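Below: one structure, written as structure tokens.
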Amino acid sequence: LSGPYGYAGRLLRVDLTRGKITVEPSAPYVSEYLGARGLAQRLLFDEVDATVRPFDEGNKVILSAGPLVGTVLPASGRLSVDDKNPITGGVGSSNAGGHLAPELKFAGFDAVVIEGQSPRPVVLYIADGRAEIRHAEHLWGLGTGQTEAALRLELREPRLRVGSIGPAGENRVVGACLIVDGARAAGRSGAGAVLGSKRVKAIAVRGTLPIQIFDPRGLLAAARDCWSRLERSPQLRALCEAGTHGSYAIGTEGGFKRRSVRNLQDAYWPADKYNQIREEQLRKYKIRRLGCFNCPIYCSFLYRLPEVIWGMGITEGVPANAVRAFGENLDVTSPESVLSTYALANQLGMDVDMSTTLVAWAVELAENGLLSAKEVEELGLHWGSPHAGLRLLPLIAHRQGLGALFADGIQEGIRCLGEASARHVVHTKGASFNEAAVRTNKGYALGIVVSVRGGGHLDGAPNVEFRGIAPEISKALFGVPTGGDPTTYEGKGQVVFGTEQRKAVVDMMGMCYMTSEWLDHDLLSPDDYAELLHLTTGIKRTGSELMALGRRLHNVEKAFNTLHAGFSRQDDMPPDRLVDLAISAGPWQGEALSREGWDRMLTEYYRVQGWDAKTGWQTAETLHALGLDDVAENLRQCGRLAPARTPPVSGAA
Ligand code: SF4
């Protein structure tokens with residue numbers, strides 16, 4: 001069963017319409033797309049036609065693990081979950097931690113491609129080279145934690161690893177996600193909703209097969225070196241101590257001073273509010289620390305919940321983005337509310353960022369008299385309400401009452417709620433976001449807004465602006481000296497371009513982004529990944545070659561967006577409130593995005609990409625230089641290949 005070194009060598013294809021399971025070699029995707037997000041996105045580009053809608057049976061959900069997954073390397077357990085995204089109509093790509101990805105490799109597969117539609121609820125059970133489709137009517141309607149527990153009992157396998165959907169996915173709520181290991185969300189790709197449309201309640205995996213390593217001794221020595229580099233990193237030490245939530249507040253009196261406040265109306269939240277939900281306030285609920293597969297950082301914790309949520313008295317968490325989402329973005333200062341709303345979103349299988357945006361949208365609509373007084377009172381729709389999320393999210397997940405209007409995403413919500421509602425929701429490409437620092441950190445904002453999957457800081461948003469790196473380090477990393485200066489627009493196109501490629505490399509490998517130089521420039525670089533890839537698989541690539549593969553992958557995703565969703569330059573513009581509403585107080589008072597600065601920065605970004613500055617579309621020259629002539633031909637046929645106005649940029653950053 002063992003494949004080439006590092007890889008399981010096999011890809012599992014499950015056709016739910018025909019109830020057919022086949023196995024194929026994963027090798028055709030390895031040389032140019034390496035694995036995980038690379039393999040999955042290229043496969044989606046090749047096999048999902050632009051006419052296929054997200055909930056059609058022609059859409060596919062791909063769960064995949066990279067070549068480094070399941071090895072002795074630290075934090076080598078990331079799972080890529082990819083699909084055509086019902087949130088945006090374009091690229092869907094998520095990355096979840098936990099233990100499901102290594103378990104998939106140990107079960108003998110690099111990826112599982114789920115296609116077609118089952119007539120009834122099913123669970124996909126994969127174990128040691130075999131797979132079966134099992135009936136799951138009895139699990140339909142359960143929360144994700146309940147599903148996981150029930151499957152362990154049913155399959156008599158306490159070490160089973162499970163990714164499951166909750167009621168939100170079953171009801172095709174577009175922001176629904178796949179929840180792995182009870183609380184690790186593959187969010188922002190709507191994969192939970194697409195799985196719901198296929199009636200897949202869960203993917204349950206158990207594996208005990210070995211992974212063959214090209215140079216076992218060399219990899220062990222490299223792993224030891226990685227572990228000691230992780231230990232030396234001050235950023236990782238902080239993460240280890242207090243999780244993402246606590247580490248981002250360290251050294252700041254009122255916590256991280258640029259926040260996402262009241263639906264991104266502001267970025268200033270007074271210290272007396274933040275101090276009520278800072279990490280120390282949640283400690284009394286902490287039971288113990290938790291981590292993903294083979295990770296020494298353990299950036300997560302097990303919490304006792306203030307009240308039982310969907311049969312669960314505990315939850316894993318609570319990451320910084322969840323505190324931002326259910327705390328400051330809703331003006332909520334109750335740690336109990338933050339914990340409970342987060343646990344509820346996980347049990348319902350709802351994306352945290354989408355959830356907070358929908359609740360904040362409802363609160364803004366209420367504030368502006370666009371909802372009935374009865375709805376506002378019943379749901380507690382006002383800023384600071386500890387109940388608003390807890391009451392509205394189940395209605396959205398079950399498409400009941402007011403919740404039904406929010407269940408089909410932002411564009412459909414605007415259609416139902418009326419045009420006047422549009423100015424009260426923050427999104428890019430139809431995907432909501434509630435990121436902090438998007439007024440002050442210009443490159444960070446650019447990385448979030450141009451992200452192919454729509455929003456989110458985990459694509460091309462540079463973290464270096466927060467760290468204020470020295471100009472010479474910025475020059476070495478990105479070729480421009482300005483990476484560490486948050487407020488300048490200059491050079492940020494180049495910085496985002498380089499960050500996107502680095503993230504693509506990490507994702508294709510299957511390691512956690514936290515161990516890369518995104519978090520700390522002394523951590524793993526593309527050269528390091530090239531060395532680890534060689535020791536694991538025998539494949540020889542330089543760091544620059546990996547970056548070029550990252551650039552190629554990003555261009556495949558960009559083309560998918562252009563073909564499927566028709567995105568262009570106007571979809572890379574920031575939401576109005578980031579320009580029109582400046583920060584109200586604090587050290588960053590008065591800071592906002594400028595339209596003129598953004599235009600300049602975006603044009604520079606397109607220029608370094610080798611894309612057309614007027615339309616934002618790709619050019620034949622750039623795609624040819626990247627070995628993507630077939631992609632260019634696709635774009636040409638649908639009239640979305642730009643004429644060569646912009647000189648192509650050869651090589652990677
Ligand atoms: S750093 Fe945190 S998220 Fe990343 S692998 Fe380790 S425990 Fe998981």
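Residue numbers start at 1 in each chain; chains themselves are named A, B, ... in the order of the structure tokens; ligands are numbered from 1 in the order shown.
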Strand (DSSP E or B) call set, DSSP backbone run, region 43-168 of chain A, as a ChimeraX atom specification = /A:60-64,79-84,91-96,111-115,122-127,130-135,161-164
Applying 6 Å and only C-alpha atoms, which residues near region 433-447 of chain A remain after dropping the ones on its own chain fewer than 6 positions away? List them as a tab-separated table (two decimals) with N, CA, C and O atoms, in the first residue's frame.
chain	number	residue	atom	x	y	z
A	258	ARG	N	-5.47	47.72	17.61
A	258	ARG	CA	-6.28	47.85	16.40
A	258	ARG	C	-7.20	46.64	16.37
A	258	ARG	O	-6.74	45.52	16.30
A	259	ARG	N	-8.49	46.90	16.45
A	259	ARG	CA	-9.43	45.80	16.59
A	259	ARG	C	-10.53	45.93	15.54
A	259	ARG	O	-10.57	46.90	14.77
A	260	SER	N	-11.42	44.95	15.54
A	260	SER	CA	-12.56	45.03	14.64
A	260	SER	C	-13.77	45.27	15.52
A	260	SER	O	-14.22	44.38	16.22
A	427	HIS	N	-17.88	43.00	3.31
A	427	HIS	CA	-17.43	41.80	2.59
A	427	HIS	C	-16.52	42.16	1.43
A	427	HIS	O	-16.44	43.32	1.01
A	455	GLY	N	-11.39	37.47	1.35
A	455	GLY	CA	-11.16	37.87	2.74
A	455	GLY	C	-10.29	36.89	3.51
A	455	GLY	O	-9.92	35.84	3.01
A	460	GLY	N	-2.50	36.19	1.62
A	460	GLY	CA	-1.36	37.03	1.29
A	460	GLY	C	-1.16	38.18	2.25
A	460	GLY	O	-0.38	39.10	1.97
A	461	ALA	N	-1.86	38.18	3.38
A	461	ALA	CA	-1.75	39.31	4.31
A	461	ALA	C	-0.43	39.20	5.09
A	461	ALA	O	-0.23	38.24	5.83
A	462	PRO	N	0.47	40.18	4.92
A	462	PRO	CA	1.77	40.06	5.57
A	462	PRO	C	1.70	40.38	7.06
A	462	PRO	O	1.15	41.40	7.46
A	486	PRO	N	3.76	49.74	8.57
A	486	PRO	CA	2.36	49.42	8.27
A	486	PRO	C	1.64	50.48	7.46
A	486	PRO	O	0.78	50.16	6.63
A	487	THR	N	1.94	51.75	7.65
A	487	THR	CA	1.07	52.79	7.10
A	487	THR	C	1.43	53.22	5.67
A	487	THR	O	0.68	53.99	5.07
A	489	TYR	N	1.83	52.73	1.62
A	489	TYR	CA	1.30	51.90	0.54
A	489	TYR	C	2.43	51.41	-0.37
A	489	TYR	O	2.23	50.49	-1.15
A	492	LYS	N	3.93	47.58	-1.13
A	492	LYS	CA	3.08	46.56	-0.50
A	492	LYS	C	2.52	45.55	-1.52
A	492	LYS	O	2.22	44.41	-1.16
A	496	VAL	N	2.82	41.61	-0.66
A	496	VAL	CA	1.67	40.67	-0.71
A	496	VAL	C	1.95	39.56	-1.72
A	496	VAL	O	1.68	38.38	-1.45
A	578	LEU	N	-14.03	51.13	5.36
A	578	LEU	CA	-12.61	51.21	5.72
A	578	LEU	C	-11.98	52.50	5.20
A	578	LEU	O	-10.94	52.93	5.67
A	592	ALA	N	-7.37	55.72	8.22
A	592	ALA	CA	-8.33	55.01	7.35
A	592	ALA	C	-7.59	54.69	6.07
A	592	ALA	O	-6.45	55.11	5.87
A	593	LEU	N	-8.22	53.91	5.20
A	593	LEU	CA	-7.62	53.68	3.89
A	593	LEU	C	-7.93	54.87	2.99
A	593	LEU	O	-8.99	55.49	3.13
Among the residues A:Asn263, A:Asn329, A:Thr515, A:Gln146, the one that comes closest to Leu73 (chain A) [using only C-alpha atoms] = A:Thr515
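Pocket residues of ligand 1, taken as those with any atom at most 7 Å away using only C-alpha atoms and all ligand atoms, are A:Ala75, A:Ser76, A:Gly77, A:Gly97, A:Gly98, A:Leu290, A:Gly291, A:Cys292, A:Phe293, A:Cys295, A:Pro296, A:Ile297, A:Tyr298, A:Cys299, A:Ser300, A:Cys512, A:Tyr513, A:Met514, A:Thr515.
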Coordinates-based distance that separates CA of Leu239 (chain A) from CA of Thr315 (chain A) (Å, one decimal) = 18.9 Å
Residue list (helix (DSSP H, G or I), DSSP) for region 263-416 of chain A, as a PyMOL selection string | chain A and resi 271-274+279-285+320-326+328-330+335-348+352-367+373-379+388-397+403-406+410-416
Selected residues written out with C-alpha atoms, as a compact mmCIF listing (two decimals), in the first residue's frame:
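out-v7.txt written:
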# COMPACT_ATOMS: atom_id res chain seq x y z
CA ALA A 271 -9.11 48.96 27.36
CA ASP A 272 -11.83 48.64 30.00
CA LYS A 273 -13.93 46.71 27.48
CA TYR A 274 -11.15 44.54 26.09
CA GLU A 279 -7.25 35.66 27.92
CA GLU A 280 -6.99 35.91 31.72
CA GLN A 281 -10.77 36.24 31.95
CA LEU A 282 -11.28 32.93 30.18
CA ARG A 283 -8.73 31.06 32.28
CA LYS A 284 -11.22 29.98 34.91
CA TYR A 285 -12.88 27.83 32.24
CA ALA A 320 -8.06 35.03 18.60
CA ASN A 321 -10.38 35.30 15.60
CA ALA A 322 -13.25 33.83 17.62
CA VAL A 323 -12.74 36.34 20.43
CA ARG A 324 -12.63 39.11 17.87
CA ALA A 325 -15.73 37.75 16.17
CA PHE A 326 -17.94 37.18 19.20
CA GLU A 328 -15.33 43.19 19.97
CA ASN A 329 -17.06 42.83 16.59
CA LEU A 330 -20.39 42.60 18.45
CA PRO A 335 -16.40 35.99 28.34
CA GLU A 336 -19.24 33.51 28.91
CA SER A 337 -21.03 34.77 25.83
CA VAL A 338 -17.84 34.58 23.73
CA LEU A 339 -17.17 30.99 24.84
CA SER A 340 -20.76 29.84 24.39
CA THR A 341 -21.30 31.50 21.00
CA TYR A 342 -18.05 30.03 19.72
CA ALA A 343 -19.04 26.55 20.94
CA LEU A 344 -22.48 26.97 19.39
CA ALA A 345 -21.04 27.95 16.00
CA ASN A 346 -18.85 24.82 16.08
CA GLN A 347 -21.73 22.54 16.98
CA LEU A 348 -23.92 24.04 14.27
CA VAL A 352 -16.95 31.93 12.85
CA ASP A 353 -16.19 34.89 10.58
CA MET A 354 -19.37 34.47 8.58
CA SER A 355 -21.38 34.01 11.79
CA THR A 356 -20.23 37.24 13.39
CA THR A 357 -20.78 39.19 10.19
CA LEU A 358 -24.35 37.99 9.86
CA VAL A 359 -25.12 38.79 13.51
CA ALA A 360 -23.43 42.20 13.22
CA TRP A 361 -25.32 42.86 10.01
CA ALA A 362 -28.61 42.08 11.78
CA VAL A 363 -27.64 44.41 14.66
CA GLU A 364 -26.83 47.24 12.24
CA LEU A 365 -30.09 46.68 10.38
CA ALA A 366 -31.93 46.82 13.72
CA GLU A 367 -30.06 49.98 14.69
CA ALA A 373 -39.31 45.79 16.74
CA LYS A 374 -40.51 42.28 17.62
CA GLU A 375 -37.51 40.62 15.94
CA VAL A 376 -35.11 43.07 17.53
CA GLU A 377 -36.48 42.49 21.01
CA GLU A 378 -36.83 38.72 20.75
CA LEU A 379 -33.30 38.24 19.47
CA ALA A 388 -27.73 38.08 19.88
CA GLY A 389 -25.38 35.42 18.49
CA LEU A 390 -26.75 32.66 20.68
CA ARG A 391 -30.28 33.36 19.47
CA LEU A 392 -29.72 34.21 15.81
CA LEU A 393 -27.19 31.53 14.79
CA PRO A 394 -29.52 28.54 15.37
CA LEU A 395 -32.20 30.33 13.31
CA ILE A 396 -29.73 30.79 10.45
CA ALA A 397 -28.51 27.18 10.70
CA GLY A 403 -32.40 33.49 10.10
CA ALA A 404 -33.66 32.23 6.72
CA LEU A 405 -32.87 35.63 5.17
CA PHE A 406 -29.20 35.28 6.10
CA ILE A 410 -24.55 38.12 1.49
CA GLN A 411 -25.66 38.72 -2.11
CA GLU A 412 -28.86 36.74 -1.62
CA GLY A 413 -29.38 38.39 1.78
CA ILE A 414 -29.20 41.84 0.17
CA ARG A 415 -31.74 40.69 -2.44
CA CYS A 416 -34.15 39.58 0.31
May I have the residues within 7 Å of Met601 (chain A) as an NGL selection string, using only C-alpha atoms and disregarding those fewer than 2 positions away in the same chain?
-> :A and (489-490 or 492-493 or 597-599 or 603-605)
Selection near Leu623 (chain A), 10 Å with only C-alpha atoms, sequence-local residues under 2 positions removed, as a ChimeraX atom specification | /A:552,555-556,559,610-611,618-621,625-633,641,648
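Candidate residues A:His457, A:Arg278, A:Lys201, A:His135 were compared for distance to Gly163 (chain A), and the nearest is A:Lys201, using only C-alpha atoms.
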Give me the residues within 8 Å of Ala136 (chain A) as a tab-separated table (two decimals) with all heavy atoms, in the first residue's frame, counting only C-alpha atoms and dropping any in the same chain fewer than 2 places off.
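The file below, around-v4.tsv, is the result:
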chain	number	residue	atom	x	y	z
A	120	ARG	N	-29.43	9.85	0.08
A	120	ARG	CA	-29.73	9.86	1.52
A	120	ARG	C	-28.45	10.16	2.31
A	120	ARG	O	-27.35	10.03	1.77
A	120	ARG	CB	-30.33	8.53	1.95
A	120	ARG	CG	-29.41	7.35	1.75
A	120	ARG	CD	-30.06	6.07	2.18
A	120	ARG	NE	-31.05	5.64	1.25
A	120	ARG	CZ	-30.79	4.87	0.18
A	120	ARG	NH1	-29.57	4.45	-0.03
A	120	ARG	NH2	-31.74	4.52	-0.65
A	121	PRO	N	-28.60	10.57	3.58
A	121	PRO	CA	-27.40	10.91	4.37
A	121	PRO	C	-26.43	9.74	4.50
A	121	PRO	O	-26.85	8.60	4.72
A	121	PRO	CB	-27.99	11.26	5.74
A	121	PRO	CG	-29.39	11.69	5.47
A	121	PRO	CD	-29.84	10.84	4.32
A	122	VAL	N	-25.16	10.05	4.36
A	122	VAL	CA	-24.13	9.01	4.45
A	122	VAL	C	-22.92	9.50	5.25
A	122	VAL	O	-22.71	10.70	5.43
A	122	VAL	CB	-23.63	8.58	3.04
A	122	VAL	CG1	-24.72	7.89	2.25
A	122	VAL	CG2	-23.08	9.78	2.26
A	123	VAL	N	-22.16	8.51	5.69
A	123	VAL	CA	-20.84	8.77	6.28
A	123	VAL	C	-19.83	8.04	5.41
A	123	VAL	O	-20.08	6.91	4.98
A	123	VAL	CB	-20.77	8.22	7.73
A	123	VAL	CG1	-19.32	8.12	8.20
A	123	VAL	CG2	-21.54	9.12	8.67
A	134	ARG	N	-21.45	4.57	4.26
A	134	ARG	CA	-22.39	4.00	5.26
A	134	ARG	C	-23.60	4.91	5.41
A	134	ARG	O	-23.49	6.13	5.32
A	134	ARG	CB	-21.68	3.91	6.62
A	134	ARG	CG	-20.50	2.96	6.62
A	134	ARG	CD	-19.74	3.08	7.94
A	134	ARG	NE	-20.55	2.66	9.08
A	134	ARG	CZ	-20.54	1.45	9.59
A	134	ARG	NH1	-19.76	0.52	9.09
A	134	ARG	NH2	-21.31	1.16	10.63
A	138	HIS	N	-29.48	8.29	10.96
A	138	HIS	CA	-29.59	8.45	12.42
A	138	HIS	C	-28.70	9.59	12.95
A	138	HIS	O	-28.85	10.01	14.09
A	138	HIS	CB	-29.23	7.13	13.12
A	138	HIS	CG	-27.85	6.63	12.78
A	138	HIS	ND1	-27.47	6.28	11.51
A	138	HIS	CD2	-26.76	6.45	13.57
A	138	HIS	CE1	-26.20	5.89	11.51
A	138	HIS	NE2	-25.75	5.99	12.75
A	139	LEU	N	-27.75	10.05	12.13
A	139	LEU	CA	-26.87	11.13	12.58
A	139	LEU	C	-27.35	12.51	12.09
A	139	LEU	O	-26.90	13.54	12.59
A	139	LEU	CB	-25.44	10.90	12.07
A	139	LEU	CG	-24.77	9.59	12.49
A	139	LEU	CD1	-23.43	9.43	11.78
A	139	LEU	CD2	-24.56	9.56	14.01
A	140	TRP	N	-28.23	12.50	11.09
A	140	TRP	CA	-28.69	13.76	10.47
A	140	TRP	C	-29.39	14.59	11.54
A	140	TRP	O	-30.24	14.10	12.26
A	140	TRP	CB	-29.62	13.44	9.31
A	140	TRP	CG	-29.65	14.47	8.22
A	140	TRP	CD1	-30.69	15.26	7.88
A	140	TRP	CD2	-28.59	14.79	7.30
A	140	TRP	NE1	-30.36	16.05	6.81
A	140	TRP	CE2	-29.08	15.80	6.43
A	140	TRP	CE3	-27.28	14.35	7.13
A	140	TRP	CZ2	-28.31	16.35	5.41
A	140	TRP	CZ3	-26.50	14.90	6.11
A	140	TRP	CH2	-27.02	15.89	5.27
A	201	LYS	N	-22.62	13.47	5.92
A	201	LYS	CA	-22.63	13.97	7.29
A	201	LYS	C	-21.23	14.02	7.86
A	201	LYS	O	-20.89	14.93	8.63
A	201	LYS	CB	-23.52	13.06	8.16
A	201	LYS	CG	-23.63	13.46	9.62
A	201	LYS	CD	-24.32	14.80	9.81
A	201	LYS	CE	-24.41	15.18	11.28
A	201	LYS	NZ	-24.87	16.58	11.44
Long-range neighbours of His554 (chain A) as a list in words, 8 Å cut-off, only C-alpha atoms, 4 positions minimum in chain | Glu500, Gln501, Ala504, Gly550 and Lys558 of chain A
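Distance annotation: of A:Arg229, A:Arg13, A:Glu307, A:Ala96, the residue with the minimal separation from Gly182 (chain A) is A:Ala96; atom set is only C-alpha atoms.
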Please provide the set of residues having any atom within 6 Å of His245 (chain A), restricted to only C-alpha atoms, with same-chain residues fewer than 2 positions apart removed, written as an NGL selection string.
-> :A and (243 or 247-248 or 319-320)
Could you give me, as CSV, a per-residue list for region 206-310 of chain A showing, wherever an atom lies at most 6 Å from an atom of region 100-113 of chain A, the closest pair of atoms and their distance in Å to one decimal, using only C-alpha atoms and sorting by chain then residue number from low to high?
residue,atom,partner,partner_atom,distance
A:Arg206,CA,A:Glu103,CA,6.0
A:Gly207,CA,A:Ala107,CA,3.7
A:Thr208,CA,A:Phe106,CA,5.3
A:Leu209,CA,A:Phe106,CA,4.7
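Counting only C-alpha atoms, the residue from A:Val48, A:Met508, A:Ala420, A:Ile213 that sits nearest to Arg551 (chain A) is A:Met508.
Note that the spacing between CA of Gly586 (chain A) and CA of Gly483 (chain A) amounts to 23.5 Å.
Among the candidates A:Gly491, A:Gly639, A:Pro67, A:Gly19, the residue lying nearest to Arg37 (chain A) is A:Pro67 (atoms considered: only C-alpha atoms).
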